[in-house]
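Novice: Below you'll find the structure I mean.
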Amino acid sequence: MGKIGIGVLCSVVLVIVLAAAGTGGLLSGFGSGSTQPSRAALTDIPPDYLGLYMDAATTCPGLDWSVLAAVGKTESDHSRSTLPGVHSSANYAGARGPMQFLLPTFQSVVARHRLPKGGATPPSPYNAHDAVYAAAAYLCDSGARGGRDLTGAVYAYNHADWYVSQVLTQAQAYSSGSAFGADASPTAAALQAINYAQGQLGLPYKWGGDGPGKSDAGFDCSGLTKAAYAAAGIALPRTAQEQFDTGPRVQSGQPLKPGDLVFYGTPNGGIHHVGLYIGNGQMIDAPRPGKTIRIEPYRYQGDDYAGATRPTEARLLETMQQTALDRG
């Protein structure tokens, strides 16, 4: 295991911070195809760290700065954590610095990659500049280059499925189509649903399964999404088709947000599968018999993707009430 995460959850406050970053301005470091920071990112990430994440990400084509920032958030809350190992010494597993490197891992990375000027001499995992650039190189070597295997790269950073899900969800919250455009931050209910689904990773697929504490210890696809949103206080119908019909639908061409439900089949009565979108093109789902609940791309070659919904309590109540009226 290369990394050990501290696991600090994000706090979102909708205030726009226009301070210049310490390495060439707030928007420095954007490469082709990079996303821009959401209002949540501008609020939560210290300007000097935001600049570092953006600049360091340009050293790895295909690595978006938001993923690097999400690692920094999860590992040390952008160095604001006071836990052992962040500013001095090491934590219980030997990890140190704002990006929580094991010393042998850090030394191996800097031996293979010459870090840009601006850090410590020799490079140090406690130095923010060195740590962020080394983290970008580590992710790049592990599969992030060219977007080849982003999930695998994050998993290499910390060998835990919950960690992959948390980082990808956080990255989605930090990114948006434009610096002052629609915020991609998930709702509190969506985060609760994702958190529940993360806790079920590795459980077996079971047809008709409603999960732990029921008559079995597994889920089928819609059983998982129903239980995830139940944990957030939102009641979904039981089957994938019913969940799709309940909506509300995400319009075609509209970006997905973490917490959206993604469906497969044909919209008019042929939905056969559903997953929970967690950001960066990934979902948590219970795929099929013989497999376990896992993280995987929500789009793949030959899929029959039918669309997405964005569950909200008010909309679901309205739909269920209307359904009851229609039935007389």
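Going through the structure tokens in order, the chains are called A, B, and so on, while each chain numbers its residues from 1 and the ligands are numbered from 1 in the order shown.
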Apply DSSP to the structure's backbone, then extract all residues of stretch 165-323 of chain A labelled helix (DSSP H, G or I) and return them as a PyMOL selection string.
Specialist: chain A and resi 165-174+188-198+221-231+240-246+313-323
Novice: Using only C-alpha atoms, which residues sit within 10 Å of A:Gln243 once same-chain residues fewer than 3 positions away are excluded, as a PyMOL selection string?
Specialist: chain A and resi 222+225-226+236-240+246-248+261+263+271+274+309+311+316
Novice: Which is closest to A:Gly223 among A:Gln200, A:Ser252, A:Thr312, A:Gln172, if we use only C-alpha atoms?
Specialist: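 Among A:Gln200, A:Ser252, A:Thr312, A:Gln172, it is A:Gln200 that comes nearest to A:Gly223.
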Novice: List every residue of stretch 133-289 of chain A that DSSP, applied to the backbone, labels as strand (DSSP E or B), and write the result as a list in words.
Specialist: Ser175, Ser176, Pro204, Tyr205, Asp210, Phe219, Arg249, Val250, Leu261, Val262, Phe263, Tyr264, Gly265, Thr266, Gly270, Ile271, His272, His273, Val274, Gly275, Leu276, Tyr277, Ile278, Gly279, Gln282, Met283, Ile284 and Asp285 of chain A
Novice: Once you have the residues from the selection above, write them out as an mmCIF file, in the first residue's frame, restricted to N, CA, C and O atoms.
Specialist:
data_model
loop_
_atom_site.group_PDB
_atom_site.id
_atom_site.type_symbol
_atom_site.label_atom_id
_atom_site.label_comp_id
_atom_site.auth_asym_id
_atom_site.auth_seq_id
_atom_site.Cartn_x
_atom_site.Cartn_y
_atom_site.Cartn_z
ATOM 1 N N SER A 175 -15.109 20.470 -9.158
ATOM 2 C CA SER A 175 -15.010 20.853 -10.562
ATOM 3 C C SER A 175 -16.342 21.349 -11.101
ATOM 4 O O SER A 175 -17.406 20.969 -10.632
ATOM 5 N N SER A 176 -16.260 22.191 -12.114
ATOM 6 C CA SER A 176 -17.459 22.646 -12.823
ATOM 7 C C SER A 176 -17.038 23.051 -14.215
ATOM 8 O O SER A 176 -15.856 23.183 -14.522
ATOM 9 N N PRO A 204 -21.837 -9.360 -1.798
ATOM 10 C CA PRO A 204 -22.200 -10.082 -3.022
ATOM 11 C C PRO A 204 -23.489 -9.564 -3.642
ATOM 12 O O PRO A 204 -24.366 -9.038 -2.952
ATOM 13 N N TYR A 205 -23.587 -9.723 -4.972
ATOM 14 C CA TYR A 205 -24.858 -9.509 -5.649
ATOM 15 C C TYR A 205 -25.797 -10.639 -5.259
ATOM 16 O O TYR A 205 -25.416 -11.803 -5.229
ATOM 17 N N ASP A 210 -31.958 -7.195 -0.212
ATOM 18 C CA ASP A 210 -32.178 -5.883 0.388
ATOM 19 C C ASP A 210 -31.086 -5.507 1.376
ATOM 20 O O ASP A 210 -31.203 -4.514 2.090
ATOM 21 N N PHE A 219 -27.180 -7.508 -2.091
ATOM 22 C CA PHE A 219 -28.106 -6.608 -2.769
ATOM 23 C C PHE A 219 -28.206 -6.992 -4.238
ATOM 24 O O PHE A 219 -27.245 -7.506 -4.819
ATOM 25 N N ARG A 249 -36.012 13.207 -14.111
ATOM 26 C CA ARG A 249 -34.998 12.882 -15.108
ATOM 27 C C ARG A 249 -33.932 13.982 -15.218
ATOM 28 O O ARG A 249 -34.226 15.166 -15.088
ATOM 29 N N VAL A 250 -32.714 13.552 -15.463
ATOM 30 C CA VAL A 250 -31.639 14.464 -15.845
ATOM 31 C C VAL A 250 -31.723 14.606 -17.360
ATOM 32 O O VAL A 250 -31.655 13.615 -18.090
ATOM 33 N N LEU A 261 -28.854 8.666 -10.207
ATOM 34 C CA LEU A 261 -29.032 7.258 -10.537
ATOM 35 C C LEU A 261 -28.922 7.103 -12.049
ATOM 36 O O LEU A 261 -29.542 7.861 -12.805
ATOM 37 N N VAL A 262 -28.118 6.152 -12.489
ATOM 38 C CA VAL A 262 -27.913 5.911 -13.920
ATOM 39 C C VAL A 262 -28.538 4.570 -14.288
ATOM 40 O O VAL A 262 -28.367 3.573 -13.572
ATOM 41 N N PHE A 263 -29.263 4.549 -15.418
ATOM 42 C CA PHE A 263 -30.089 3.397 -15.770
ATOM 43 C C PHE A 263 -29.701 2.813 -17.122
ATOM 44 O O PHE A 263 -29.204 3.533 -18.006
ATOM 45 N N TYR A 264 -30.022 1.524 -17.279
ATOM 46 C CA TYR A 264 -29.680 0.795 -18.493
ATOM 47 C C TYR A 264 -30.888 -0.004 -18.957
ATOM 48 O O TYR A 264 -31.635 -0.553 -18.142
ATOM 49 N N GLY A 265 -31.065 -0.055 -20.275
ATOM 50 C CA GLY A 265 -32.204 -0.730 -20.863
ATOM 51 C C GLY A 265 -32.885 0.197 -21.849
ATOM 52 O O GLY A 265 -32.251 1.056 -22.482
ATOM 53 N N THR A 266 -34.204 0.064 -21.989
ATOM 54 C CA THR A 266 -34.981 0.953 -22.841
ATOM 55 C C THR A 266 -35.957 1.721 -21.966
ATOM 56 O O THR A 266 -36.592 1.129 -21.081
ATOM 57 N N GLY A 270 -38.383 -1.096 -20.228
ATOM 58 C CA GLY A 270 -37.342 -2.115 -20.363
ATOM 59 C C GLY A 270 -36.093 -1.849 -19.552
ATOM 60 O O GLY A 270 -35.003 -2.294 -19.926
ATOM 61 N N ILE A 271 -36.194 -1.111 -18.448
ATOM 62 C CA ILE A 271 -35.032 -0.825 -17.605
ATOM 63 C C ILE A 271 -34.668 -2.088 -16.816
ATOM 64 O O ILE A 271 -35.511 -2.664 -16.132
ATOM 65 N N HIS A 272 -33.401 -2.494 -16.921
ATOM 66 C CA HIS A 272 -32.983 -3.729 -16.255
ATOM 67 C C HIS A 272 -31.848 -3.536 -15.251
ATOM 68 O O HIS A 272 -31.499 -4.476 -14.528
ATOM 69 N N HIS A 273 -31.264 -2.320 -15.180
ATOM 70 C CA HIS A 273 -30.140 -2.128 -14.264
ATOM 71 C C HIS A 273 -30.054 -0.668 -13.847
ATOM 72 O O HIS A 273 -30.416 0.238 -14.596
ATOM 73 N N VAL A 274 -29.545 -0.438 -12.620
ATOM 74 C CA VAL A 274 -29.352 0.914 -12.108
ATOM 75 C C VAL A 274 -28.084 0.946 -11.262
ATOM 76 O O VAL A 274 -27.732 -0.033 -10.603
ATOM 77 N N GLY A 275 -27.378 2.074 -11.317
ATOM 78 C CA GLY A 275 -26.206 2.295 -10.484
ATOM 79 C C GLY A 275 -26.262 3.675 -9.863
ATOM 80 O O GLY A 275 -27.084 4.519 -10.259
ATOM 81 N N LEU A 276 -25.383 3.933 -8.901
ATOM 82 C CA LEU A 276 -25.307 5.223 -8.208
ATOM 83 C C LEU A 276 -24.049 5.950 -8.673
ATOM 84 O O LEU A 276 -22.935 5.511 -8.399
ATOM 85 N N TYR A 277 -24.234 7.054 -9.395
ATOM 86 C CA TYR A 277 -23.113 7.809 -9.939
ATOM 87 C C TYR A 277 -22.350 8.507 -8.819
ATOM 88 O O TYR A 277 -22.958 9.113 -7.926
ATOM 89 N N ILE A 278 -21.000 8.425 -8.841
ATOM 90 C CA ILE A 278 -20.190 9.031 -7.786
ATOM 91 C C ILE A 278 -19.243 10.096 -8.308
ATOM 92 O O ILE A 278 -18.458 10.657 -7.539
ATOM 93 N N GLY A 279 -19.277 10.384 -9.612
ATOM 94 C CA GLY A 279 -18.404 11.408 -10.169
ATOM 95 C C GLY A 279 -17.299 10.832 -11.022
ATOM 96 O O GLY A 279 -16.961 9.645 -10.938
ATOM 97 N N GLN A 282 -17.667 7.432 -12.888
ATOM 98 C CA GLN A 282 -17.714 6.181 -12.146
ATOM 99 C C GLN A 282 -19.039 6.030 -11.404
ATOM 100 O O GLN A 282 -19.687 7.007 -11.051
ATOM 101 N N MET A 283 -19.418 4.793 -11.148
ATOM 102 C CA MET A 283 -20.618 4.508 -10.366
ATOM 103 C C MET A 283 -20.337 3.367 -9.398
ATOM 104 O O MET A 283 -19.397 2.595 -9.571
ATOM 105 N N ILE A 284 -21.152 3.279 -8.343
ATOM 106 C CA ILE A 284 -21.187 2.097 -7.475
ATOM 107 C C ILE A 284 -22.435 1.319 -7.863
ATOM 108 O O ILE A 284 -23.522 1.886 -7.966
ATOM 109 N N ASP A 285 -22.269 0.015 -8.115
ATOM 110 C CA ASP A 285 -23.433 -0.779 -8.464
ATOM 111 C C ASP A 285 -23.247 -2.225 -8.042
ATOM 112 O O ASP A 285 -22.146 -2.661 -7.711
#
Novice: Just checking: using only C-alpha atoms, which residue out of A:Ile295, A:Leu102, A:Ala93, A:Cys140 ends up closest to A:Ile194?
Specialist: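 Ranked by minimum distance to A:Ile194, first place goes to A:Ile295.
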Novice: So, with only C-alpha atoms as the atoms that count, which of A:Thr187, A:Gln198, A:Thr292, A:Gln100 lies closest to A:Gly259?
Specialist: A:Thr187
Novice: Nearest to A:Ser124 among A:Ser88, A:Ser142, A:Thr151, A:Ser66, with distances taken over only C-alpha atoms: which residue is it?
Specialist: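 Nearest candidate to A:Ser124 out of A:Ser88, A:Ser142, A:Thr151, A:Ser66: A:Ser88.
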Novice: For atom CA of A:Arg96 and atom CA of A:Asp55, determine how far apart the two atoms are, in Å to one decimal place.
Specialist: 22.0 Å
Novice: Give me, please, the distance in Å between atom CA of A:Pro186 and atom CA of A:Pro258, quoted to one decimal.
Specialist: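 Taking atom CA of A:Pro186 and atom CA of A:Pro258, their separation equals 5.4 Å.
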Novice: Just want the 10 Å neighbourhood of A:Ser76, counted on only C-alpha atoms, with same-chain residues fewer than 2 positions away dropped. Output as a JSON list (two decimals) with C-alpha atoms, in the first residue's frame.
Specialist:
[["chain", "number", "residue", "atom", "x", "y", "z"],
["A", 5, "GLY", "CA", -5.64, 8.46, 4.01],
["A", 6, "ILE", "CA", -6.82, 10.54, 6.93],
["A", 7, "GLY", "CA", -10.30, 10.80, 5.47],
["A", 8, "VAL", "CA", -11.56, 14.30, 6.26],
["A", 71, "VAL", "CA", -6.58, 13.58, -2.65],
["A", 72, "GLY", "CA", -5.19, 16.56, -0.73],
["A", 73, "LYS", "CA", -8.57, 17.16, 0.88],
["A", 74, "THR", "CA", -9.01, 13.53, 1.89],
["A", 78, "HIS", "CA", -5.15, 20.73, 2.48],
["A", 79, "SER", "CA", -2.70, 20.63, 5.41],
["A", 80, "ARG", "CA", -5.22, 22.07, 7.88],
["A", 81, "SER", "CA", -5.46, 18.80, 9.79],
["A", 82, "THR", "CA", -3.72, 18.72, 13.17],
["A", 83, "LEU", "CA", -3.42, 14.92, 13.22],
["A", 85, "GLY", "CA", 2.16, 13.14, 10.60],
["A", 86, "VAL", "CA", 0.76, 16.10, 8.70],
["A", 87, "HIS", "CA", 3.23, 18.77, 9.83],
["A", 96, "ARG", "CA", 3.74, 12.11, 6.53],
["A", 97, "GLY", "CA", 3.08, 15.52, 5.03],
["A", 98, "PRO", "CA", 0.00, 17.13, 3.43],
["A", 99, "MET", "CA", -0.32, 14.35, 0.84],
["A", 100, "GLN", "CA", 0.46, 11.62, 3.41]]
Novice: Pick the closest to A:Asp161 from A:Leu139, A:Ala228, A:Ala197, A:Ala189: which is it, counting only C-alpha atoms?
Specialist: A:Ala197
